[in-house]
>>> print(open('upload.cif').read())   # mmCIF, C-alpha atoms and all ligand atoms
data_upload
loop_
_atom_site.label_atom_id
_atom_site.label_comp_id
_atom_site.auth_asym_id
_atom_site.auth_seq_id
_atom_site.Cartn_x
_atom_site.Cartn_y
_atom_site.Cartn_z
CA MET S 1 10.55 -74.45 -106.33
CA SER S 2 8.06 -76.43 -104.36
CA TYR S 3 8.76 -77.90 -100.94
CA THR S 4 7.52 -81.46 -100.60
CA ILE S 5 6.49 -83.06 -97.33
CA ALA S 6 5.77 -86.79 -97.59
CA ILE S 7 3.91 -88.33 -94.68
CA ALA S 8 4.40 -91.99 -93.92
CA GLY S 9 3.76 -94.43 -91.11
CA LYS S 10 1.96 -97.51 -89.94
CA GLY S 11 -1.82 -97.88 -90.40
CA GLY S 12 -3.96 -95.64 -88.24
CA THR S 13 -1.13 -93.62 -86.72
CA GLY S 14 -2.67 -90.34 -87.86
CA LYS S 15 -1.05 -89.64 -91.25
CA THR S 16 -4.19 -88.29 -92.88
CA THR S 17 -5.07 -86.19 -89.85
CA ILE S 18 -1.59 -84.67 -89.67
CA ALA S 19 -1.52 -84.09 -93.44
CA SER S 20 -4.82 -82.22 -93.33
CA LEU S 21 -3.77 -80.17 -90.31
CA LEU S 22 -0.57 -79.21 -92.14
CA VAL S 23 -2.58 -78.03 -95.13
CA ARG S 24 -4.73 -75.93 -92.83
CA LEU S 25 -1.72 -74.38 -91.07
CA ILE S 26 0.09 -73.58 -94.32
CA LYS S 27 -3.03 -71.89 -95.60
CA GLU S 28 -3.82 -69.97 -92.41
CA LYS S 29 -0.25 -68.85 -91.88
CA LYS S 30 -0.21 -67.69 -95.51
CA LEU S 31 3.02 -69.56 -96.17
CA GLY S 32 2.21 -70.04 -99.84
CA SER S 33 0.20 -72.14 -102.23
CA VAL S 34 -0.36 -75.77 -101.29
CA LEU S 35 -1.26 -78.95 -103.13
CA ALA S 36 -2.63 -81.81 -101.03
CA VAL S 37 -1.91 -85.17 -102.63
CA ASP S 38 -3.97 -88.12 -101.51
CA ALA S 39 -1.68 -90.96 -102.50
CA ASP S 40 -3.61 -93.57 -100.53
CA PRO S 41 -5.83 -95.71 -102.76
CA ASN S 42 -8.34 -95.89 -99.93
CA SER S 43 -8.32 -92.15 -100.12
CA ASN S 44 -9.65 -89.98 -97.39
CA LEU S 45 -7.41 -86.94 -97.28
CA ALA S 46 -9.79 -85.02 -99.52
CA GLU S 47 -12.63 -85.94 -97.18
CA ALA S 48 -10.65 -84.89 -94.10
CA LEU S 49 -10.19 -81.54 -95.84
CA GLY S 50 -13.93 -81.22 -96.36
CA VAL S 51 -13.86 -81.97 -100.09
CA LYS S 52 -17.15 -83.68 -100.79
CA SER S 53 -16.48 -85.30 -104.13
CA ILE S 54 -13.38 -85.60 -106.20
CA ARG S 55 -12.56 -87.24 -109.50
CA THR S 56 -9.64 -89.50 -108.74
CA ILE S 57 -6.91 -90.77 -111.03
CA GLY S 58 -8.51 -94.21 -110.61
CA ASP S 59 -11.83 -92.78 -111.92
CA ILE S 60 -10.06 -91.32 -114.93
CA LEU S 61 -8.40 -94.64 -115.76
CA ASP S 62 -11.77 -96.39 -115.50
CA GLU S 63 -13.42 -93.82 -117.76
CA VAL S 64 -10.70 -94.13 -120.36
CA SER S 65 -10.72 -97.91 -120.34
CA ALA S 66 -14.55 -97.99 -120.60
CA ASN S 67 -14.58 -95.41 -123.42
CA PRO S 68 -11.26 -95.56 -125.24
CA GLU S 69 -12.79 -93.69 -128.17
CA GLN S 70 -12.67 -90.46 -126.17
CA VAL S 71 -8.90 -90.25 -126.64
CA PRO S 72 -8.52 -87.74 -129.48
CA GLY S 73 -6.86 -89.02 -132.63
CA GLY S 74 -3.20 -88.17 -132.74
CA MET S 75 -2.90 -88.12 -128.95
CA SER S 76 -1.42 -91.03 -127.02
CA LYS S 77 -3.53 -92.59 -124.30
CA ASP S 78 -0.95 -91.68 -121.67
CA ARG S 79 -0.83 -88.07 -122.76
CA PHE S 80 -4.64 -87.90 -122.66
CA ILE S 81 -4.71 -89.36 -119.15
CA GLU S 82 -2.10 -86.88 -117.97
CA TYR S 83 -4.17 -84.07 -119.37
CA GLU S 84 -7.30 -85.36 -117.62
CA VAL S 85 -5.41 -85.72 -114.34
CA GLN S 86 -4.32 -82.11 -114.55
CA LYS S 87 -7.99 -81.18 -114.96
CA ALA S 88 -8.87 -83.34 -111.95
CA VAL S 89 -6.76 -81.21 -109.62
CA GLN S 90 -9.49 -79.63 -107.58
CA GLU S 91 -9.25 -76.01 -106.52
CA GLU S 92 -10.56 -75.40 -103.05
CA ASP S 93 -10.54 -72.34 -100.85
CA GLY S 94 -6.83 -71.80 -100.18
CA PHE S 95 -5.50 -75.16 -101.32
CA ASP S 96 -5.71 -77.59 -104.22
CA VAL S 97 -6.17 -81.32 -103.94
CA VAL S 98 -5.54 -84.35 -106.16
CA SER S 99 -6.49 -87.88 -105.27
CA MET S 100 -5.10 -91.17 -106.47
CA GLY S 101 -8.04 -93.50 -105.81
CA LYS S 102 -7.85 -96.88 -107.46
CA PRO S 103 -9.27 -98.17 -110.68
CA GLU S 104 -12.23 -100.53 -110.26
CA GLY S 105 -11.68 -102.26 -113.54
CA PRO S 106 -8.88 -104.63 -114.45
CA GLY S 107 -5.52 -103.02 -114.82
CA CYS S 108 -2.41 -102.48 -112.93
CA TYR S 109 -2.50 -100.50 -109.76
CA CYS S 110 1.14 -99.56 -110.32
CA TYR S 111 -0.04 -97.77 -113.46
CA VAL S 112 -1.89 -95.27 -111.24
CA ASN S 113 1.35 -94.75 -109.36
CA ASN S 114 3.30 -94.19 -112.54
CA ILE S 115 0.81 -91.62 -113.73
CA LEU S 116 0.61 -89.90 -110.39
CA ARG S 117 4.39 -89.68 -110.32
CA SER S 118 4.80 -88.29 -113.80
CA VAL S 119 1.97 -85.79 -113.39
CA MET S 120 3.19 -84.86 -109.94
CA SER S 121 6.60 -83.88 -111.11
CA LYS S 122 4.97 -81.48 -113.58
CA LEU S 123 2.31 -80.22 -111.18
CA ALA S 124 4.51 -79.73 -108.17
CA ASP S 125 6.40 -76.77 -109.56
CA ASP S 126 3.23 -74.69 -109.53
CA TYR S 127 3.00 -74.83 -105.74
CA ASP S 128 5.05 -73.60 -102.81
CA TYR S 129 4.15 -76.70 -100.80
CA VAL S 130 3.16 -80.22 -101.73
CA ILE S 131 1.83 -82.43 -98.92
CA ILE S 132 1.64 -86.12 -99.76
CA ASP S 133 -0.49 -88.40 -97.60
CA ASN S 134 0.83 -91.88 -98.28
CA GLU S 135 -0.87 -95.15 -97.61
CA ALA S 136 0.02 -97.18 -94.57
CA GLY S 137 3.01 -99.46 -94.60
CA LEU S 138 6.02 -99.21 -96.76
CA GLU S 139 4.61 -100.57 -100.00
CA HIS S 140 4.04 -97.13 -101.47
CA LEU S 141 7.70 -96.38 -101.02
CA SER S 142 8.70 -99.58 -102.70
CA ARG S 143 6.39 -98.79 -105.58
CA ARG S 144 8.09 -95.44 -105.55
CA THR S 145 5.24 -93.00 -105.59
CA THR S 146 7.59 -90.85 -103.62
CA ARG S 147 10.97 -90.60 -105.30
CA SER S 148 12.19 -87.59 -103.51
CA ALA S 149 10.93 -85.27 -100.82
CA ASP S 150 12.32 -82.35 -98.92
CA THR S 151 10.90 -83.71 -95.72
CA LEU S 152 9.83 -87.21 -94.82
CA LEU S 153 7.53 -86.99 -91.85
CA ALA S 154 7.13 -90.38 -90.18
CA VAL S 155 4.10 -90.50 -87.89
CA SER S 156 4.09 -93.07 -85.10
CA ASP S 157 2.39 -93.90 -81.85
CA ALA S 158 4.59 -94.03 -78.76
CA SER S 159 4.75 -97.83 -78.56
CA ALA S 160 8.05 -99.64 -78.98
CA VAL S 161 6.62 -101.60 -81.92
CA GLY S 162 5.29 -98.44 -83.55
CA LEU S 163 8.58 -96.62 -83.16
CA LYS S 164 10.50 -99.56 -84.56
CA SER S 165 8.26 -99.58 -87.59
CA ALA S 166 8.77 -95.82 -88.07
CA GLY S 167 12.51 -96.45 -87.86
CA ARG S 168 12.26 -99.00 -90.66
CA ILE S 169 10.92 -96.29 -92.95
CA ALA S 170 14.28 -94.56 -92.76
CA GLY S 171 15.97 -97.82 -93.77
CA ILE S 172 13.67 -98.29 -96.77
CA VAL S 173 14.26 -94.73 -97.86
CA ASP S 174 17.98 -95.48 -97.92
CA GLU S 175 17.58 -98.80 -99.68
CA LEU S 176 15.47 -97.28 -102.42
CA LYS S 177 17.76 -94.28 -102.68
CA ILE S 178 14.85 -91.92 -102.24
CA LYS S 179 16.29 -88.47 -101.88
CA VAL S 180 15.14 -86.91 -98.64
CA LYS S 181 16.69 -83.87 -96.99
CA ASN S 182 15.01 -84.09 -93.60
CA ARG S 183 13.74 -87.24 -91.94
CA LEU S 184 11.52 -86.40 -89.06
CA LEU S 185 9.65 -88.41 -86.48
CA LEU S 186 6.39 -87.12 -85.06
CA VAL S 187 4.68 -89.06 -82.28
CA ASN S 188 0.91 -88.78 -82.37
CA ARG S 189 -1.65 -89.17 -79.57
CA PHE S 190 0.99 -88.75 -76.90
CA ASN S 191 1.26 -86.01 -74.33
CA ARG S 192 4.72 -86.38 -72.89
CA SER S 193 8.18 -86.14 -74.38
CA LEU S 194 9.67 -89.47 -75.44
CA GLY S 195 12.67 -90.69 -73.51
CA LYS S 196 15.96 -90.82 -75.42
CA ASP S 197 16.15 -94.59 -74.88
CA LYS S 198 12.95 -95.03 -76.88
CA ILE S 199 14.40 -93.46 -80.00
CA ASN S 200 17.84 -94.96 -79.79
CA GLY S 201 18.89 -96.44 -83.09
CA ILE S 202 16.08 -94.78 -85.03
CA ASP S 203 17.52 -92.80 -87.88
CA LEU S 204 14.91 -90.07 -87.75
CA GLU S 205 15.00 -86.70 -86.04
CA TYR S 206 12.41 -86.74 -83.27
CA ILE S 207 10.65 -83.37 -83.35
CA GLY S 208 7.86 -83.83 -80.79
CA ASN S 209 4.32 -84.99 -80.13
CA ILE S 210 0.75 -84.27 -80.99
CA PRO S 211 -1.49 -84.97 -78.02
CA LEU S 212 -4.65 -87.01 -78.05
CA ASP S 213 -7.26 -84.45 -79.01
CA LYS S 214 -10.91 -85.07 -78.18
CA SER S 215 -12.02 -82.49 -80.70
CA ILE S 216 -10.40 -84.60 -83.45
CA SER S 217 -12.26 -87.66 -82.20
CA ARG S 218 -15.46 -85.61 -82.22
CA ILE S 219 -15.16 -84.33 -85.78
CA SER S 220 -14.12 -87.76 -86.94
CA LEU S 221 -17.20 -89.35 -85.33
CA GLN S 222 -19.47 -86.72 -86.85
CA GLY S 223 -17.84 -86.99 -90.26
CA GLU S 224 -16.81 -83.33 -90.17
CA SER S 225 -13.69 -81.85 -91.72
CA ILE S 226 -10.65 -80.45 -89.90
CA TRP S 227 -11.83 -76.92 -90.72
CA LYS S 228 -14.30 -77.40 -87.84
CA LEU S 229 -11.47 -77.51 -85.30
CA LYS S 230 -10.97 -74.41 -83.21
CA ASN S 231 -7.65 -72.63 -83.58
CA ASN S 232 -6.77 -73.53 -80.03
CA ALA S 233 -7.52 -77.25 -80.52
CA LEU S 234 -4.74 -79.22 -78.83
CA SER S 235 -3.61 -81.00 -81.99
CA LEU S 236 -3.57 -77.90 -84.17
CA ALA S 237 -1.76 -75.81 -81.58
CA ALA S 238 0.87 -78.53 -81.04
CA LEU S 239 1.49 -78.92 -84.75
CA ALA S 240 1.71 -75.15 -85.22
CA LYS S 241 4.51 -75.10 -82.61
CA LEU S 242 6.44 -77.78 -84.49
CA GLY S 243 5.79 -76.09 -87.79
CA ASP S 244 9.17 -74.48 -88.24
CA LYS S 245 10.78 -77.89 -87.99
CA ILE S 246 8.46 -79.28 -90.63
CA TRP S 247 7.95 -76.67 -93.29
CA ARG S 248 10.87 -74.30 -93.01
CA GLN S 249 13.81 -76.65 -93.22
CA ARG S 250 14.83 -75.72 -96.72
N1 LIG O 1 -4.13 -86.55 -82.14
C1 LIG O 1 -5.28 -87.24 -82.28
N2 LIG O 1 -6.22 -87.19 -81.31
C2 LIG O 1 -7.38 -87.87 -81.43
N3 LIG O 1 -7.70 -88.61 -82.48
C3 LIG O 1 -6.80 -88.72 -83.48
C4 LIG O 1 -5.55 -88.04 -83.45
N4 LIG O 1 -4.88 -88.33 -84.58
C5 LIG O 1 -5.67 -89.15 -85.30
N5 LIG O 1 -6.83 -89.39 -84.65
C6 LIG O 1 -7.94 -90.27 -85.10
O1 LIG O 1 -7.40 -91.56 -85.31
C7 LIG O 1 -7.97 -92.18 -86.45
C8 LIG O 1 -6.87 -92.55 -87.44
O2 LIG O 1 -6.28 -91.36 -87.93
P1 LIG O 1 -5.87 -91.17 -89.46
O3 LIG O 1 -6.97 -91.60 -90.34
O4 LIG O 1 -5.35 -89.80 -89.60
O5 LIG O 1 -4.70 -92.23 -89.53
P2 LIG O 1 -3.94 -92.77 -90.82
O6 LIG O 1 -2.55 -93.05 -90.38
O7 LIG O 1 -4.13 -91.83 -91.95
O8 LIG O 1 -4.73 -94.12 -91.09
P3 LIG O 1 -4.61 -95.06 -92.39
O9 LIG O 1 -3.33 -95.82 -92.21
O10 LIG O 1 -5.82 -95.93 -92.28
O11 LIG O 1 -4.61 -94.17 -93.59
C9 LIG O 1 -8.98 -91.20 -87.00
O12 LIG O 1 -10.25 -91.52 -86.50
C10 LIG O 1 -8.53 -89.86 -86.43
O13 LIG O 1 -9.60 -88.98 -86.30
MG MG O 2 -4.82 -92.22 -93.93
#
>>> encode(input="upload.cif", output="structure tokens", more="lines below")
Ligand SMILES: Nc1ncnc2c1ncn2[C@@H]1O[C@H](COP(=O)(O)OP(=O)(O)OP(=O)(O)O)[C@@H](O)[C@H]1O
Ligand SMILES: [Mg+2]
Amino acid sequence: MSYTIAIAGKGGTGKTTIASLLVRLIKEKKLGSVLAVDADPNSNLAEALGVKSIRTIGDILDEVSANPEQVPGGMSKDRFIEYEVQKAVQEEDGFDVVSMGKPEGPGCYCYVNNILRSVMSKLADDYDYVIIDNEAGLEHLSRRTTRSADTLLAVSDASAVGLKSAGRIAGIVDELKIKVKNRLLLVNRFNRSLGKDKINGIDLEYIGNIPLDKSISRISLQGESIWKLKNNALSLAALAKLGDKIWRQR
């Protein structure tokens, strides 16, 4: 059985960074096999993980719509796309990655979601951990890329507005009846512990903070991957400490 961690939060809060650091920790701690899912159409999780080029689900849809004759006779188009998506899961050193992307051509963006979802449910069982980096905002939840997760990890800054928005994620999860066992709140780029008053009324379990880490800013400026971070990098060390709360709550 795989253990799914879905990462959500407002734009720019650090979802992709945290997702990639989680992949690194799961690999380095030898916790099991891990699939990184880039569910943001403006994908950059693969890049953050140092994956130079990846065939996305959007690319596959474009290829199939440009050359429909490549679908073998007797096979439905959907089945063919599913098969191609399975092939597009890229094997890297110690983790696999699949990326949603978005089709350039005409066609429904929700179609990519539907495919991702149906392939995901088949793929997921092959891994011990599935880490999903969602796009900003709550739209992805309403389009239901994520139907269930063991852990929902909401990433927020420490501002009142940011925390309120993280709190709304919990509400949406309820409204959409998305099955989530653990709903956690992680505050990024913050060095102190949040006061209780700040998280009052937020239906998420506050697990701690990831400090502002200059080495993250550096690799991000230089276009490097998170594998360049030293083991004692502030962000990585902080996340490692919170790890048990994130990946072991079965
Ligand atoms: N703890 C941190 N310390 C320093 N820089 C950070 C930290 N976390 C994230 N960043 C930087 O902040 C920027 C935004 O982070 P990231 O891309 O992970 O956010 P995101 O929530 O995935 O954004 P989007 O909503 O656009 O997908 C990046 O440049 C990243 O390198
Ligand atoms: Mg992102």
>>> residues_around(input="upload.cif", residues="Val71 of chain S", least_positions_apart="6", cutoff="8 Å", atoms="only C-alpha atoms", output="compact mmCIF listing (two decimals) with C-alpha atoms, keeping the file's coordinate frame")
# COMPACT_ATOMS: atom_id res chain seq x y z
CA VAL S 64 -10.70 -94.13 -120.36
CA LYS S 77 -3.53 -92.59 -124.30
CA PHE S 80 -4.64 -87.90 -122.66
>>> closest_residue(input="upload.cif", among="S:Leu61, S:Ala39, S:Ile131, S:Val23", to="ligand MG 2 (chain O)", atoms="all atoms listed in the file")
S:Ala39
>>> residues_around(input="upload.cif", residues="segment 227-242 of chain S", least_positions_apart="5", cutoff="7 Å", atoms="only C-alpha atoms", output="list in words")
Leu21, Leu25, Ile210, Pro211, Asp213 and Ser215 of chain S
>>> residues_near_point(input="upload.cif", point="(2.3, -83.1, -115.0)", cutoff="12 Å", atoms="only C-alpha atoms", output="count of residues only")
26
>>> closest_atom_pairs(input="upload.cif", of="chain S", to="ligand MG 2 (chain O)", cutoff="8 Å", atoms="only C-alpha atoms and all ligand atoms", output="JSON lines")
{"residue": "S:Gly11", "atom": "CA", "partner": "O:MG2", "partner_atom": "MG", "distance": 7.3}
{"residue": "S:Gly12", "atom": "CA", "partner": "O:MG2", "partner_atom": "MG", "distance": 6.7}
{"residue": "S:Gly14", "atom": "CA", "partner": "O:MG2", "partner_atom": "MG", "distance": 6.7}
{"residue": "S:Lys15", "atom": "CA", "partner": "O:MG2", "partner_atom": "MG", "distance": 5.3}
{"residue": "S:Thr16", "atom": "CA", "partner": "O:MG2", "partner_atom": "MG", "distance": 4.1}
{"residue": "S:Thr17", "atom": "CA", "partner": "O:MG2", "partner_atom": "MG", "distance": 7.3}
{"residue": "S:Asp40", "atom": "CA", "partner": "O:MG2", "partner_atom": "MG", "distance": 6.8}
{"residue": "S:Asn42", "atom": "CA", "partner": "O:MG2", "partner_atom": "MG", "distance": 7.9}
{"residue": "S:Ser43", "atom": "CA", "partner": "O:MG2", "partner_atom": "MG", "distance": 7.1}
{"residue": "S:Asn44", "atom": "CA", "partner": "O:MG2", "partner_atom": "MG", "distance": 6.3}
{"residue": "S:Leu45", "atom": "CA", "partner": "O:MG2", "partner_atom": "MG", "distance": 6.8}
{"residue": "S:Asp133", "atom": "CA", "partner": "O:MG2", "partner_atom": "MG", "distance": 6.8}
{"residue": "S:Asn134", "atom": "CA", "partner": "O:MG2", "partner_atom": "MG", "distance": 7.1}
{"residue": "S:Glu135", "atom": "CA", "partner": "O:MG2", "partner_atom": "MG", "distance": 6.1}
{"residue": "S:Ala136", "atom": "CA", "partner": "O:MG2", "partner_atom": "MG", "distance": 7.0}
>>> closest_residue(input="upload.cif", among="S:Gln70, S:Ser2, S:Thr13, S:Thr56", to="ligand LIG 1 (chain O)", atoms="all atoms listed in the file")
S:Thr13
>>> residues_near_point(input="upload.cif", point="(6.6, -97.8, -86.3)", cutoff="10 Å", atoms="only C-alpha atoms", output="list of chain:residue names")
S:Ala8, S:Gly9, S:Lys10, S:Gly11, S:Thr13, S:Gly137, S:Ala154, S:Val155, S:Ser156, S:Asp157, S:Ala158, S:Ser159, S:Ala160, S:Val161, S:Gly162, S:Leu163, S:Lys164, S:Ser165, S:Ala166, S:Gly167, S:Arg168, S:Ile169, S:Leu185, S:Val187
>>> closest_residue(input="upload.cif", among="S:Tyr3, S:Phe190, S:Tyr206, S:Trp247", to="ligand LIG 1 (chain O)", atoms="all atoms listed in the file")
S:Phe190
>>> closest_residue(input="upload.cif", among="S:Asn200, S:Val37, S:Leu31, S:Arg24", to="Asp244 of chain S", atoms="all atoms listed in the file")
S:Leu31
>>> closest_residue(input="upload.cif", among="S:Ile5, S:Val173, S:Val112, S:Ile132", to="Ala149 of chain S", atoms="all atoms listed in the file")
S:Ile5
>>> closest_residue(input="upload.cif", among="S:Val130, S:Leu212, S:Ile57, S:Ile202", to="Cys110 of chain S", atoms="all atoms listed in the file")
S:Ile57
>>> atom_distance(input="upload.cif", atom1="atom C2 of ligand LIG 1 (chain O)", atom2="atom CA of Ile226 of chain S")
11.7 Å
>>> atom_distance(input="upload.cif", atom1="atom CA of Phe95 of chain S", atom2="atom CA of Met1 of chain S")
16.8 Å
>>> axis_aligned_box(input="upload.cif", around="segment 235-245 of chain S", padding_each_side="6 Å", output="JSON")
{"center_x": 3.6, "center_y": -77.7, "center_z": -84.6, "size_x": 26.4, "size_y": 18.5, "size_z": 19.2}
>>> atom_distance(input="upload.cif", atom1="atom CA of Ile26 of chain S", atom2="atom CA of Asp128 of chain S")
9.8 Å
>>> decode(input="upload.cif", residues="segment 69-89 of chain S", atoms="N, CA and C atoms", output="PDB file, in the first residue's frame")
ATOM      1  N   GLU S  69      -3.301   8.689 -35.790  1.00  0.00           N
ATOM      2  CA  GLU S  69      -3.115   7.379 -36.442  1.00  0.00           C
ATOM      3  C   GLU S  69      -2.171   6.477 -35.643  1.00  0.00           C
ATOM      4  N   GLN S  70      -1.445   7.048 -34.677  1.00  0.00           N
ATOM      5  CA  GLN S  70      -0.527   6.183 -33.923  1.00  0.00           C
ATOM      6  C   GLN S  70      -1.245   5.282 -32.902  1.00  0.00           C
ATOM      7  N   VAL S  71      -2.518   5.567 -32.655  1.00  0.00           N
ATOM      8  CA  VAL S  71      -3.275   4.691 -31.744  1.00  0.00           C
ATOM      9  C   VAL S  71      -3.530   3.367 -32.474  1.00  0.00           C
ATOM     10  N   PRO S  72      -3.001   2.261 -31.941  1.00  0.00           N
ATOM     11  CA  PRO S  72      -3.158   0.986 -32.644  1.00  0.00           C
ATOM     12  C   PRO S  72      -4.627   0.597 -32.804  1.00  0.00           C
ATOM     13  N   GLY S  73      -4.934  -0.004 -33.931  1.00  0.00           N
ATOM     14  CA  GLY S  73      -6.306  -0.464 -34.162  1.00  0.00           C
ATOM     15  C   GLY S  73      -6.732  -1.411 -33.047  1.00  0.00           C
ATOM     16  N   GLY S  74      -7.954  -1.285 -32.644  1.00  0.00           N
ATOM     17  CA  GLY S  74      -8.450  -2.187 -31.598  1.00  0.00           C
ATOM     18  C   GLY S  74      -8.181  -1.669 -30.201  1.00  0.00           C
ATOM     19  N   MET S  75      -7.444  -0.547 -30.099  1.00  0.00           N
ATOM     20  CA  MET S  75      -7.176   0.018 -28.769  1.00  0.00           C
ATOM     21  C   MET S  75      -7.897   1.360 -28.693  1.00  0.00           C
ATOM     22  N   SER S  76      -8.526   1.644 -27.548  1.00  0.00           N
ATOM     23  CA  SER S  76      -9.197   2.937 -27.447  1.00  0.00           C
ATOM     24  C   SER S  76      -8.131   4.014 -27.238  1.00  0.00           C
ATOM     25  N   LYS S  77      -8.512   5.240 -27.586  1.00  0.00           N
ATOM     26  CA  LYS S  77      -7.564   6.349 -27.439  1.00  0.00           C
ATOM     27  C   LYS S  77      -7.158   6.513 -25.964  1.00  0.00           C
ATOM     28  N   ASP S  78      -8.148   6.403 -25.083  1.00  0.00           N
ATOM     29  CA  ASP S  78      -7.854   6.566 -23.659  1.00  0.00           C
ATOM     30  C   ASP S  78      -6.875   5.516 -23.149  1.00  0.00           C
ATOM     31  N   ARG S  79      -7.107   4.295 -23.583  1.00  0.00           N
ATOM     32  CA  ARG S  79      -6.241   3.191 -23.153  1.00  0.00           C
ATOM     33  C   ARG S  79      -4.807   3.440 -23.637  1.00  0.00           C
ATOM     34  N   PHE S  80      -4.700   3.910 -24.897  1.00  0.00           N
ATOM     35  CA  PHE S  80      -3.389   4.191 -25.479  1.00  0.00           C
ATOM     36  C   PHE S  80      -2.685   5.301 -24.681  1.00  0.00           C
ATOM     37  N   ILE S  81      -3.441   6.333 -24.337  1.00  0.00           N
ATOM     38  CA  ILE S  81      -2.850   7.443 -23.580  1.00  0.00           C
ATOM     39  C   ILE S  81      -2.381   6.957 -22.207  1.00  0.00           C
ATOM     40  N   GLU S  82      -3.194   6.139 -21.581  1.00  0.00           N
ATOM     41  CA  GLU S  82      -2.795   5.603 -20.275  1.00  0.00           C
ATOM     42  C   GLU S  82      -1.489   4.832 -20.358  1.00  0.00           C
ATOM     43  N   TYR S  83      -1.399   4.054 -21.436  1.00  0.00           N
ATOM     44  CA  TYR S  83      -0.206   3.245 -21.648  1.00  0.00           C
ATOM     45  C   TYR S  83       1.016   4.148 -21.858  1.00  0.00           C
ATOM     46  N   GLU S  84       0.844   5.208 -22.636  1.00  0.00           N
ATOM     47  CA  GLU S  84       1.939   6.150 -22.889  1.00  0.00           C
ATOM     48  C   GLU S  84       2.330   6.878 -21.598  1.00  0.00           C
ATOM     49  N   VAL S  85       1.336   7.203 -20.781  1.00  0.00           N
ATOM     50  CA  VAL S  85       1.640   7.895 -19.523  1.00  0.00           C
ATOM     51  C   VAL S  85       2.471   6.986 -18.610  1.00  0.00           C
ATOM     52  N   GLN S  86       2.122   5.712 -18.598  1.00  0.00           N
ATOM     53  CA  GLN S  86       2.908   4.790 -17.776  1.00  0.00           C
ATOM     54  C   GLN S  86       4.361   4.770 -18.250  1.00  0.00           C
ATOM     55  N   LYS S  87       4.534   4.855 -19.576  1.00  0.00           N
ATOM     56  CA  LYS S  87       5.904   4.880 -20.121  1.00  0.00           C
ATOM     57  C   LYS S  87       6.616   6.189 -19.782  1.00  0.00           C
ATOM     58  N   ALA S  88       5.830   7.248 -19.570  1.00  0.00           N
ATOM     59  CA  ALA S  88       6.427   8.568 -19.320  1.00  0.00           C
ATOM     60  C   ALA S  88       6.858   8.749 -17.860  1.00  0.00           C
ATOM     61  N   VAL S  89       6.583   7.747 -17.033  1.00  0.00           N
ATOM     62  CA  VAL S  89       7.071   7.826 -15.653  1.00  0.00           C
ATOM     63  C   VAL S  89       8.586   7.642 -15.716  1.00  0.00           C
TER      64      VAL S  89
END
